[in-house]
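Down below is the structure, laid out as structure tokens.
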Amino acid sequence: MAIGKRRASDDDSDINLTPMLDVVFIMLIFFIVTATFIKQAGIDVTRPDADTDQPKPLVSVLIAIGPSGDIWIDKNRVDENTIRAHIERLIAENPKGGIVIQADKLASYKKLKATLDAARGAGVQEVAIATTD
């Protein structure tokens, strides 16, 4: 009879971890859902000054043009001929947002024009150029 009492007391001393794991997973899901994701083009550029700038709330594609003329989309350097394909793919993923082009002060106008033409060719109407105020 003593053996039976020992087994009962051993079963009572076990800790049930299921509720704690449930709470941890709920907290993990909460932090993932509420986290804000910052879009980055891939390089830092020195933007030109502007007196009439306006904030743009919905941005789905961020394109950066460096001072040497290299073009970056989603942290990847892209060729000038493939800009339109990248824009079409990203706009298909998020059709509500627009495009913001961050062109460096020293970037050539030719690269900026090629990027704008690719955006218009992809059917995007909301295209903005990032500036500093």
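Residues in the structure tokens are numbered from 1 in each chain, the chains being A, B, ... in the order shown, and ligands are numbered from 1 in the order shown.
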Hey, what's within 10 Å of Ala118 in chain A if we count only C-alpha atoms and toss same-chain stuff fewer than 5 positions away? As a list in words, please?
Glu80, Asn81, Thr82, Ile83, Arg84, Ala85, His86, Ile87, Glu88, Leu112, Lys113, Gly123 and Val124 of chain A
At what distance in Å, to one decimal, does CA of Asp117 in chain A lie from CA of Ile99 in chain A?
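Computing it gives 12.3 Å between the two atoms.
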Identify which of the residues A:Ala64, A:Ala114, A:Ala122, A:Ala103 lies closest to Leu90 in chain A, counting only C-alpha atoms when measuring atom-to-atom distances.
A:Ala122
Using only C-alpha atoms, which of the listed residues (A:Ile91, A:Ile73, A:Leu62, A:Leu106) sits closest to Ala128 in chain A?
A:Leu62
Distance in Å - CA of Asn94 in chain A versus CA of Arg120 in chain A:
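Calculated distance between CA of Asn94 in chain A and CA of Arg120 in chain A is 16.4 Å.
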